[in-house]
Amino acid sequence: MHIWRLQRGDYDWLTPDLGSIYRDFDIKDVWGEAETCGVRQVILVQAAASAAETDFLLDVADTDPRVAGVVGWVDFEAGDAAEQIARRAKNPHLLGLRPMIADLSDPLWILQDACAPAMESIQANELVFDAHAHPDLVPVMTRLAARYPNLPIVLNHAGKPPIASAELDVWRDDISELARHENVSCKLSGLLTEAGARTDDSAIGEVAEHIGACFGPERLLWGSDWPVLTLAGNYKGWAAQCERLVDQYYPDHSDAIFSGNAKRIYSRNAGV
């Protein structure tokens, strides 16, 4: 999940045209719903391309026991990126890093030599690389996974499949290829905002079934993507829908998908 405070001023993507999510969001705003769904701890994921926001999230994690850890951001092209990562990794609440590559014009940006020291530092400091992706970037993640076979990579939002158009064939093939790399896992998250009117269990289930068939239920982990989720649904509804789909396709793996896999994948600190 995400939290943000607009007055911080570094959420470049968060503009008034986004309507209902153009305001502050805090854990307390959703905690009643989350607890009802059985949630006891959350991982906060960056929402701004700034190291200052990462430090803000780490400060929250240091004081709020509901936060198991943080997936943050650093400037991968900075000359001291490796040192920045190593320094922040001294905080056990830093679990991973996520450059906002889906917002960049160059789809091959993460593969450039300038990003290599940062990638190597993520691996050396036992962090996870969270892959902020859309369908065109799934093959790029396949190349990245091959380049860093010992680096845990988590594909966000199942690569944002084009559910609304139902044109899933290319996405299916690309996901199948990515999943061949055993260092890659996949989040069952962020799908309702890609679905348009196709938010029923059948349409969302096509995606849930495919990513499970490709990655195996041991490499699937559930995410809320709250509060972006609220553009298309609500926390309780999304959690309930995913419970139904997991019970349908992976009935013996519910605990793993909703908790255990995340604990294992983001395992560098005892708080997870």
# chains A, B, ... in the order shown; residues from 1 in each chain; ligands from 1
>>> select_by_dssp(residues="region 76-248 of chain A", states="strand (DSSP E)", output="list of chain:residue names")
A:Leu94, A:Leu95, A:Gly96, A:Leu97, A:Val128, A:Phe129, A:Asp130, A:Ala131, A:Ile153, A:Val154, A:Leu155, A:Val184, A:Ser185, A:Cys186, A:Lys187, A:Leu188, A:Leu220, A:Leu221, A:Trp222
>>> write_last_selection(atoms="all heavy atoms", output="short mmCIF file (atom, residue, chain, number, x, y, z; two decimals), in the first residue's frame")
data_model
loop_
_atom_site.label_atom_id
_atom_site.label_comp_id
_atom_site.auth_asym_id
_atom_site.auth_seq_id
_atom_site.Cartn_x
_atom_site.Cartn_y
_atom_site.Cartn_z
N LEU A 94 14.11 -1.05 5.49
CA LEU A 94 14.20 -0.95 4.03
C LEU A 94 14.27 -2.36 3.46
O LEU A 94 15.23 -3.10 3.70
CB LEU A 94 15.42 -0.15 3.59
CG LEU A 94 15.50 0.08 2.07
CD1 LEU A 94 14.36 1.01 1.61
CD2 LEU A 94 16.84 0.65 1.66
N LEU A 95 13.25 -2.74 2.70
CA LEU A 95 13.15 -4.10 2.16
C LEU A 95 13.47 -4.17 0.68
O LEU A 95 13.86 -5.22 0.18
CB LEU A 95 11.74 -4.65 2.39
CG LEU A 95 11.24 -4.63 3.84
CD1 LEU A 95 9.83 -5.21 3.90
CD2 LEU A 95 12.18 -5.37 4.76
N GLY A 96 13.28 -3.07 -0.02
CA GLY A 96 13.50 -3.09 -1.47
C GLY A 96 13.48 -1.70 -2.04
O GLY A 96 13.26 -0.71 -1.33
N LEU A 97 13.70 -1.62 -3.35
CA LEU A 97 13.69 -0.35 -4.06
C LEU A 97 12.90 -0.50 -5.35
O LEU A 97 12.86 -1.57 -5.96
CB LEU A 97 15.12 0.10 -4.37
CG LEU A 97 15.95 0.51 -3.15
CD1 LEU A 97 17.41 0.67 -3.53
CD2 LEU A 97 15.43 1.81 -2.53
N VAL A 128 15.13 -6.29 -2.30
CA VAL A 128 14.30 -6.75 -3.41
C VAL A 128 14.19 -5.62 -4.43
O VAL A 128 14.10 -4.44 -4.07
CB VAL A 128 12.90 -7.15 -2.91
CG1 VAL A 128 11.95 -7.45 -4.07
CG2 VAL A 128 13.00 -8.36 -1.98
N PHE A 129 14.20 -5.97 -5.71
CA PHE A 129 13.91 -5.00 -6.76
C PHE A 129 12.44 -5.12 -7.11
O PHE A 129 11.98 -6.15 -7.60
CB PHE A 129 14.76 -5.26 -8.00
CG PHE A 129 14.50 -4.31 -9.13
CD1 PHE A 129 15.15 -3.08 -9.18
CD2 PHE A 129 13.59 -4.61 -10.13
CE1 PHE A 129 14.91 -2.18 -10.22
CE2 PHE A 129 13.34 -3.73 -11.18
CZ PHE A 129 14.00 -2.51 -11.21
N ASP A 130 11.66 -4.08 -6.82
CA ASP A 130 10.25 -4.05 -7.20
C ASP A 130 10.13 -3.47 -8.60
O ASP A 130 10.58 -2.34 -8.85
CB ASP A 130 9.44 -3.22 -6.19
CG ASP A 130 8.64 -4.08 -5.23
OD1 ASP A 130 9.19 -5.09 -4.76
OD2 ASP A 130 7.47 -3.73 -4.94
N ALA A 131 9.53 -4.22 -9.50
CA ALA A 131 9.45 -3.85 -10.91
C ALA A 131 8.15 -3.10 -11.18
O ALA A 131 7.08 -3.69 -11.30
CB ALA A 131 9.55 -5.09 -11.79
N ILE A 153 13.28 -10.28 -7.70
CA ILE A 153 12.53 -9.27 -8.44
C ILE A 153 11.04 -9.56 -8.23
O ILE A 153 10.60 -10.71 -8.35
CB ILE A 153 12.87 -9.30 -9.94
CG1 ILE A 153 14.34 -8.92 -10.16
CG2 ILE A 153 11.95 -8.39 -10.74
CD1 ILE A 153 14.81 -9.08 -11.60
N VAL A 154 10.28 -8.52 -7.93
CA VAL A 154 8.83 -8.66 -7.77
C VAL A 154 8.14 -7.80 -8.81
O VAL A 154 8.27 -6.57 -8.80
CB VAL A 154 8.38 -8.26 -6.35
CG1 VAL A 154 6.85 -8.31 -6.26
CG2 VAL A 154 8.99 -9.18 -5.30
N LEU A 155 7.44 -8.43 -9.73
CA LEU A 155 6.68 -7.71 -10.75
C LEU A 155 5.43 -7.12 -10.12
O LEU A 155 4.59 -7.84 -9.59
CB LEU A 155 6.30 -8.65 -11.90
CG LEU A 155 5.49 -8.02 -13.03
CD1 LEU A 155 6.33 -7.02 -13.82
CD2 LEU A 155 4.93 -9.11 -13.96
N VAL A 184 12.05 -14.30 -10.02
CA VAL A 184 10.97 -13.33 -10.20
C VAL A 184 9.69 -13.84 -9.55
O VAL A 184 9.30 -15.00 -9.74
CB VAL A 184 10.70 -13.03 -11.68
CG1 VAL A 184 9.62 -11.96 -11.83
CG2 VAL A 184 11.98 -12.60 -12.38
N SER A 185 9.04 -12.97 -8.79
CA SER A 185 7.71 -13.22 -8.23
C SER A 185 6.75 -12.18 -8.77
O SER A 185 7.16 -11.23 -9.45
CB SER A 185 7.77 -13.17 -6.70
OG SER A 185 8.69 -14.11 -6.19
N CYS A 186 5.48 -12.32 -8.47
CA CYS A 186 4.47 -11.47 -9.09
C CYS A 186 3.40 -11.08 -8.08
O CYS A 186 2.89 -11.93 -7.33
CB CYS A 186 3.83 -12.23 -10.26
SG CYS A 186 2.59 -11.29 -11.18
N LYS A 187 3.05 -9.80 -8.08
CA LYS A 187 1.99 -9.32 -7.20
C LYS A 187 0.62 -9.47 -7.85
O LYS A 187 0.40 -9.07 -9.00
CB LYS A 187 2.19 -7.84 -6.86
CG LYS A 187 3.33 -7.56 -5.90
CD LYS A 187 3.38 -6.07 -5.56
CE LYS A 187 4.62 -5.75 -4.73
NZ LYS A 187 4.73 -4.30 -4.43
N LEU A 188 -0.29 -10.06 -7.10
CA LEU A 188 -1.71 -10.06 -7.44
C LEU A 188 -2.28 -8.76 -6.87
O LEU A 188 -2.74 -8.69 -5.75
CB LEU A 188 -2.40 -11.29 -6.83
CG LEU A 188 -3.91 -11.41 -7.00
CD1 LEU A 188 -4.33 -11.42 -8.45
CD2 LEU A 188 -4.43 -12.66 -6.28
N LEU A 220 3.48 -15.98 -5.89
CA LEU A 220 2.43 -14.97 -5.97
C LEU A 220 2.28 -14.32 -4.60
O LEU A 220 2.31 -14.99 -3.58
CB LEU A 220 1.08 -15.59 -6.35
CG LEU A 220 0.85 -16.08 -7.77
CD1 LEU A 220 -0.62 -16.48 -7.92
CD2 LEU A 220 1.24 -15.04 -8.79
N LEU A 221 2.08 -12.99 -4.59
CA LEU A 221 1.81 -12.32 -3.32
C LEU A 221 0.76 -11.24 -3.54
O LEU A 221 0.78 -10.53 -4.55
CB LEU A 221 3.07 -11.75 -2.70
CG LEU A 221 3.98 -10.83 -3.49
CD1 LEU A 221 4.85 -10.00 -2.53
CD2 LEU A 221 4.92 -11.62 -4.40
N TRP A 222 -0.15 -11.16 -2.60
CA TRP A 222 -1.28 -10.24 -2.72
C TRP A 222 -0.87 -8.84 -2.31
O TRP A 222 -0.08 -8.65 -1.39
CB TRP A 222 -2.43 -10.71 -1.83
CG TRP A 222 -3.65 -9.83 -1.95
CD1 TRP A 222 -4.58 -9.86 -2.93
CD2 TRP A 222 -4.06 -8.81 -1.04
NE1 TRP A 222 -5.55 -8.91 -2.71
CE2 TRP A 222 -5.25 -8.25 -1.54
CE3 TRP A 222 -3.53 -8.30 0.15
CZ2 TRP A 222 -5.93 -7.22 -0.91
CZ3 TRP A 222 -4.20 -7.26 0.80
CH2 TRP A 222 -5.39 -6.73 0.26
#
>>> residues_around(residues="Phe56 (chain A)", least_positions_apart="2", cutoff="12 Å", atoms="only C-alpha atoms", output="list in words")
Ile3, Trp4, Arg5, Arg8, Asp10, Leu44, Val45, Gln46, Ala47, Ala48, Ser50, Ala51, Ala52, Glu53, Thr54, Leu58, Asp59, Val60, Ala61, Asp62, Thr63, Val70, Val71, Gly72, Trp73 and Leu94 of chain A
>>> residues_around(residues="region 168-172 of chain A", least_positions_apart="2", cutoff="10 Å", atoms="only C-alpha atoms", output="PyMOL selection string")
chain A and resi 134-136+138-139+158-166+174-178+206-207+210-211+214
>>> write_last_selection(atoms="N, CA and C atoms", output="PDB file, in the first residue's frame")
ATOM      1  N   HIS A 134       4.498  -1.891 -16.874  1.00  0.00           N
ATOM      2  CA  HIS A 134       3.293  -2.018 -17.683  1.00  0.00           C
ATOM      3  C   HIS A 134       3.594  -3.078 -18.743  1.00  0.00           C
ATOM      4  N   PRO A 135       2.631  -3.493 -19.551  1.00  0.00           N
ATOM      5  CA  PRO A 135       2.863  -4.649 -20.431  1.00  0.00           C
ATOM      6  C   PRO A 135       4.103  -4.563 -21.295  1.00  0.00           C
ATOM      7  N   ASP A 136       4.418  -3.370 -21.825  1.00  0.00           N
ATOM      8  CA  ASP A 136       5.582  -3.248 -22.702  1.00  0.00           C
ATOM      9  C   ASP A 136       6.893  -3.479 -21.969  1.00  0.00           C
ATOM     10  N   VAL A 138       7.336  -5.798 -19.514  1.00  0.00           N
ATOM     11  CA  VAL A 138       7.503  -7.176 -19.033  1.00  0.00           C
ATOM     12  C   VAL A 138       8.700  -7.852 -19.712  1.00  0.00           C
ATOM     13  N   PRO A 139       8.883  -7.735 -21.038  1.00  0.00           N
ATOM     14  CA  PRO A 139      10.084  -8.331 -21.650  1.00  0.00           C
ATOM     15  C   PRO A 139      11.378  -7.694 -21.147  1.00  0.00           C
ATOM     16  N   ALA A 158       1.066  -7.518 -11.642  1.00  0.00           N
ATOM     17  CA  ALA A 158       1.030  -8.512 -12.724  1.00  0.00           C
ATOM     18  C   ALA A 158       1.401  -7.907 -14.075  1.00  0.00           C
ATOM     19  N   GLY A 159       2.183  -6.820 -14.046  1.00  0.00           N
ATOM     20  CA  GLY A 159       2.566  -6.168 -15.293  1.00  0.00           C
ATOM     21  C   GLY A 159       1.455  -5.355 -15.925  1.00  0.00           C
ATOM     22  N   LYS A 160       0.421  -5.028 -15.156  1.00  0.00           N
ATOM     23  CA  LYS A 160      -0.710  -4.214 -15.631  1.00  0.00           C
ATOM     24  C   LYS A 160      -1.314  -4.742 -16.940  1.00  0.00           C
ATOM     25  N   PRO A 161      -1.851  -5.922 -16.920  1.00  0.00           N
ATOM     26  CA  PRO A 161      -2.429  -6.491 -18.151  1.00  0.00           C
ATOM     27  C   PRO A 161      -3.608  -5.652 -18.659  1.00  0.00           C
ATOM     28  N   PRO A 162      -3.811  -5.607 -19.983  1.00  0.00           N
ATOM     29  CA  PRO A 162      -4.903  -4.809 -20.560  1.00  0.00           C
ATOM     30  C   PRO A 162      -6.249  -5.522 -20.424  1.00  0.00           C
ATOM     31  N   ILE A 163      -6.729  -5.594 -19.209  1.00  0.00           N
ATOM     32  CA  ILE A 163      -7.963  -6.340 -18.926  1.00  0.00           C
ATOM     33  C   ILE A 163      -9.160  -5.690 -19.615  1.00  0.00           C
ATOM     34  N   ALA A 164      -9.185  -4.361 -19.623  1.00  0.00           N
ATOM     35  CA  ALA A 164     -10.347  -3.656 -20.174  1.00  0.00           C
ATOM     36  C   ALA A 164     -10.610  -4.042 -21.625  1.00  0.00           C
ATOM     37  N   SER A 165      -9.557  -4.212 -22.420  1.00  0.00           N
ATOM     38  CA  SER A 165      -9.723  -4.550 -23.836  1.00  0.00           C
ATOM     39  C   SER A 165      -9.818  -6.053 -24.071  1.00  0.00           C
ATOM     40  N   ALA A 166      -9.458  -6.829 -23.046  1.00  0.00           N
ATOM     41  CA  ALA A 166      -9.429  -8.297 -23.145  1.00  0.00           C
ATOM     42  C   ALA A 166      -8.404  -8.792 -24.159  1.00  0.00           C
ATOM     43  N   ASP A 174       4.323 -12.957 -22.715  1.00  0.00           N
ATOM     44  CA  ASP A 174       5.441 -12.282 -22.052  1.00  0.00           C
ATOM     45  C   ASP A 174       5.551 -12.681 -20.586  1.00  0.00           C
ATOM     46  N   ILE A 175       4.419 -12.851 -19.924  1.00  0.00           N
ATOM     47  CA  ILE A 175       4.435 -13.298 -18.527  1.00  0.00           C
ATOM     48  C   ILE A 175       4.989 -14.715 -18.434  1.00  0.00           C
ATOM     49  N   SER A 176       4.609 -15.566 -19.355  1.00  0.00           N
ATOM     50  CA  SER A 176       5.113 -16.944 -19.350  1.00  0.00           C
ATOM     51  C   SER A 176       6.630 -16.970 -19.464  1.00  0.00           C
ATOM     52  N   GLU A 177       7.171 -16.095 -20.323  1.00  0.00           N
ATOM     53  CA  GLU A 177       8.616 -16.035 -20.508  1.00  0.00           C
ATOM     54  C   GLU A 177       9.303 -15.482 -19.262  1.00  0.00           C
ATOM     55  N   LEU A 178       8.742 -14.427 -18.680  1.00  0.00           N
ATOM     56  CA  LEU A 178       9.325 -13.843 -17.470  1.00  0.00           C
ATOM     57  C   LEU A 178       9.351 -14.849 -16.326  1.00  0.00           C
ATOM     58  N   GLU A 206      -9.120 -14.519 -15.078  1.00  0.00           N
ATOM     59  CA  GLU A 206      -8.238 -14.876 -16.189  1.00  0.00           C
ATOM     60  C   GLU A 206      -6.788 -14.519 -15.862  1.00  0.00           C
ATOM     61  N   VAL A 207      -6.601 -13.357 -15.255  1.00  0.00           N
ATOM     62  CA  VAL A 207      -5.261 -12.910 -14.896  1.00  0.00           C
ATOM     63  C   VAL A 207      -4.733 -13.705 -13.714  1.00  0.00           C
ATOM     64  N   HIS A 210      -3.692 -17.163 -14.770  1.00  0.00           N
ATOM     65  CA  HIS A 210      -2.499 -17.228 -15.612  1.00  0.00           C
ATOM     66  C   HIS A 210      -1.230 -16.959 -14.823  1.00  0.00           C
ATOM     67  N   ILE A 211      -1.227 -15.948 -13.976  1.00  0.00           N
ATOM     68  CA  ILE A 211       0.010 -15.668 -13.235  1.00  0.00           C
ATOM     69  C   ILE A 211       0.314 -16.797 -12.257  1.00  0.00           C
ATOM     70  N   CYS A 214       1.830 -19.654 -14.249  1.00  0.00           N
ATOM     71  CA  CYS A 214       3.189 -19.361 -14.709  1.00  0.00           C
ATOM     72  C   CYS A 214       4.190 -19.328 -13.557  1.00  0.00           C
TER      73      CYS A 214
END
>>> closest_residue(among="A:Ser259, A:Gln7, A:Ser267, A:Ser189", to="Pro152 (chain A)", atoms="only C-alpha atoms")
A:Ser267
>>> atom_distance(atom1="CA of Cys115 (chain A)", atom2="CA of Asn156 (chain A)")
19.6 Å
>>> residues_around(residues="Cys242 (chain A)", least_positions_apart="5", cutoff="12 Å", atoms="only C-alpha atoms", output="ChimeraX atom specification")
/A:37,187-192,199-202,204-205,207-209,220-224,235-237,247-251,254,257-258
>>> write_last_selection(atoms="N, CA, C and O atoms", output="tab-separated table (two decimals), in the first residue's frame")
chain	number	residue	atom	x	y	z
A	37	CYS	N	-10.12	-7.43	7.14
A	37	CYS	CA	-9.66	-8.40	6.14
A	37	CYS	C	-8.56	-9.31	6.67
A	37	CYS	O	-8.04	-10.15	5.93
A	187	LYS	N	3.05	-9.80	-8.08
A	187	LYS	CA	1.99	-9.32	-7.20
A	187	LYS	C	0.62	-9.47	-7.85
A	187	LYS	O	0.40	-9.07	-9.00
A	188	LEU	N	-0.29	-10.06	-7.10
A	188	LEU	CA	-1.71	-10.06	-7.44
A	188	LEU	C	-2.28	-8.76	-6.87
A	188	LEU	O	-2.74	-8.69	-5.75
A	189	SER	N	-2.17	-7.71	-7.67
A	189	SER	CA	-2.54	-6.38	-7.19
A	189	SER	C	-2.76	-5.47	-8.39
A	189	SER	O	-2.41	-5.80	-9.52
A	190	GLY	N	-3.38	-4.31	-8.14
A	190	GLY	CA	-3.48	-3.27	-9.15
A	190	GLY	C	-4.26	-3.64	-10.39
A	190	GLY	O	-4.07	-3.03	-11.44
A	191	LEU	N	-5.16	-4.60	-10.30
A	191	LEU	CA	-5.85	-5.07	-11.51
A	191	LEU	C	-7.15	-4.32	-11.78
A	191	LEU	O	-7.51	-4.12	-12.94
A	192	LEU	N	-7.86	-3.91	-10.75
A	192	LEU	CA	-9.15	-3.26	-10.97
A	192	LEU	C	-9.00	-1.96	-11.76
A	192	LEU	O	-9.86	-1.63	-12.58
A	199	THR	N	-14.60	-5.93	-14.32
A	199	THR	CA	-14.09	-6.15	-12.96
A	199	THR	C	-14.67	-7.40	-12.30
A	199	THR	O	-14.40	-7.64	-11.13
A	200	ASP	N	-15.44	-8.19	-13.04
A	200	ASP	CA	-16.06	-9.38	-12.45
A	200	ASP	C	-15.02	-10.47	-12.21
A	200	ASP	O	-13.88	-10.41	-12.71
A	201	ASP	N	-15.40	-11.47	-11.45
A	201	ASP	CA	-14.48	-12.56	-11.10
A	201	ASP	C	-13.96	-13.29	-12.33
A	201	ASP	O	-12.82	-13.78	-12.34
A	202	SER	N	-14.77	-13.37	-13.38
A	202	SER	CA	-14.33	-14.08	-14.58
A	202	SER	C	-13.17	-13.35	-15.24
A	202	SER	O	-12.15	-13.97	-15.59
A	204	ILE	N	-11.14	-10.86	-13.96
A	204	ILE	CA	-9.97	-10.77	-13.08
A	204	ILE	C	-9.38	-12.16	-12.88
A	204	ILE	O	-8.16	-12.34	-12.76
A	205	GLY	N	-10.25	-13.15	-12.89
A	205	GLY	CA	-9.79	-14.53	-12.71
A	205	GLY	C	-8.90	-15.01	-13.84
A	205	GLY	O	-8.00	-15.84	-13.63
A	207	VAL	N	-6.60	-13.36	-15.26
A	207	VAL	CA	-5.26	-12.91	-14.90
A	207	VAL	C	-4.73	-13.71	-13.71
A	207	VAL	O	-3.59	-14.19	-13.73
A	208	ALA	N	-5.56	-13.85	-12.69
A	208	ALA	CA	-5.12	-14.58	-11.49
A	208	ALA	C	-4.73	-16.02	-11.83
A	208	ALA	O	-3.72	-16.54	-11.34
A	209	GLU	N	-5.51	-16.65	-12.69
A	209	GLU	CA	-5.21	-18.03	-13.07
A	209	GLU	C	-3.91	-18.10	-13.85
A	209	GLU	O	-3.07	-19.00	-13.62
A	220	LEU	N	3.48	-15.98	-5.89
A	220	LEU	CA	2.43	-14.97	-5.97
A	220	LEU	C	2.28	-14.32	-4.60
A	220	LEU	O	2.31	-14.99	-3.58
A	221	LEU	N	2.08	-12.99	-4.59
A	221	LEU	CA	1.81	-12.32	-3.32
A	221	LEU	C	0.76	-11.24	-3.54
A	221	LEU	O	0.78	-10.53	-4.55
A	222	TRP	N	-0.15	-11.16	-2.60
A	222	TRP	CA	-1.28	-10.24	-2.72
A	222	TRP	C	-0.87	-8.84	-2.31
A	222	TRP	O	-0.08	-8.65	-1.39
A	223	GLY	N	-1.42	-7.85	-3.02
A	223	GLY	CA	-1.24	-6.46	-2.64
A	223	GLY	C	-2.54	-5.70	-2.83
A	223	GLY	O	-3.37	-6.04	-3.68
A	224	SER	N	-2.71	-4.65	-2.03
A	224	SER	CA	-3.94	-3.86	-2.13
A	224	SER	C	-3.84	-2.75	-3.16
A	224	SER	O	-4.83	-2.37	-3.78
A	235	TYR	N	-10.99	-1.45	-0.46
A	235	TYR	CA	-10.07	-2.43	0.12
A	235	TYR	C	-10.79	-3.76	0.41
A	235	TYR	O	-10.32	-4.83	0.00
A	236	LYS	N	-11.92	-3.68	1.10
A	236	LYS	CA	-12.62	-4.90	1.50
A	236	LYS	C	-13.11	-5.67	0.28
A	236	LYS	O	-13.02	-6.90	0.23
A	237	GLY	N	-13.61	-4.94	-0.71
A	237	GLY	CA	-14.11	-5.61	-1.91
A	237	GLY	C	-13.01	-6.30	-2.68
A	237	GLY	O	-13.19	-7.44	-3.16
A	247	ASP	N	-9.25	-19.08	-3.57
A	247	ASP	CA	-9.95	-20.31	-3.17
A	247	ASP	C	-10.34	-21.15	-4.38
A	247	ASP	O	-10.35	-22.38	-4.32
A	248	GLN	N	-10.64	-20.49	-5.50
A	248	GLN	CA	-11.03	-21.20	-6.72
A	248	GLN	C	-9.85	-21.88	-7.39
A	248	GLN	O	-9.94	-23.05	-7.79
A	249	TYR	N	-8.74	-21.14	-7.52
A	249	TYR	CA	-7.61	-21.64	-8.30
A	249	TYR	C	-6.50	-22.26	-7.47
A	249	TYR	O	-5.80	-23.17	-7.95
A	250	TYR	N	-6.31	-21.77	-6.24
A	250	TYR	CA	-5.18	-22.23	-5.42
A	250	TYR	C	-5.64	-22.43	-3.97
A	250	TYR	O	-5.14	-21.78	-3.05
A	251	PRO	N	-6.60	-23.32	-3.77
A	251	PRO	CA	-7.26	-23.42	-2.46
A	251	PRO	C	-6.34	-23.80	-1.31
A	251	PRO	O	-6.65	-23.51	-0.17
A	254	SER	N	-3.71	-20.22	0.20
A	254	SER	CA	-4.20	-18.92	0.62
A	254	SER	C	-3.26	-18.22	1.60
A	254	SER	O	-2.93	-17.05	1.43
A	257	ILE	N	-0.13	-16.91	-0.29
A	257	ILE	CA	-0.35	-15.79	-1.20
A	257	ILE	C	-0.67	-14.51	-0.45
A	257	ILE	O	-0.24	-13.42	-0.82
A	258	PHE	N	-1.42	-14.62	0.64
A	258	PHE	CA	-1.82	-13.43	1.39
A	258	PHE	C	-0.82	-13.01	2.46
A	258	PHE	O	-0.96	-11.93	3.01
>>> closest_residue(among="A:Asp106, A:Ala179, A:Arg219, A:Arg66", to="Ala256 (chain A)", atoms="only C-alpha atoms")
A:Arg219
>>> residues_around(residues="Val67 (chain A)", least_positions_apart="5", cutoff="6 Å", atoms="only C-alpha atoms", output="count of residues only")
4
>>> closest_residue(among="A:Asp24, A:Asp173, A:His253, A:Tyr148", to="Gly216 (chain A)", atoms="only C-alpha atoms")
A:His253
>>> atom_distance(atom1="CA of Ala82 (chain A)", atom2="CA of Ser121 (chain A)")
5.2 Å
>>> closest_residue(among="A:Asp75, A:Glu33, A:Glu167, A:Asp55", to="Glu194 (chain A)", atoms="only C-alpha atoms")
A:Glu167
>>> residues_around(residues="Leu104 (chain A)", least_positions_apart="6", cutoff="12 Å", atoms="only C-alpha atoms", output="list in words")
Trp13, Ala49, Ile110, His132, Ala133, His134 and Leu137 of chain A
>>> atom_distance(atom1="CA of Leu111 (chain A)", atom2="CA of Ala81 (chain A)")
15.3 Å
>>> select_by_dssp(residues="region 163-258 of chain A", states="alpha helix (DSSP H)", output="PyMOL selection string")
chain A and resi 169-178+201-215+235-249+254-255
>>> closest_residue(among="A:Lys90, A:Arg264, A:Arg143, A:Arg244", to="Asn125 (chain A)", atoms="only C-alpha atoms")
A:Lys90
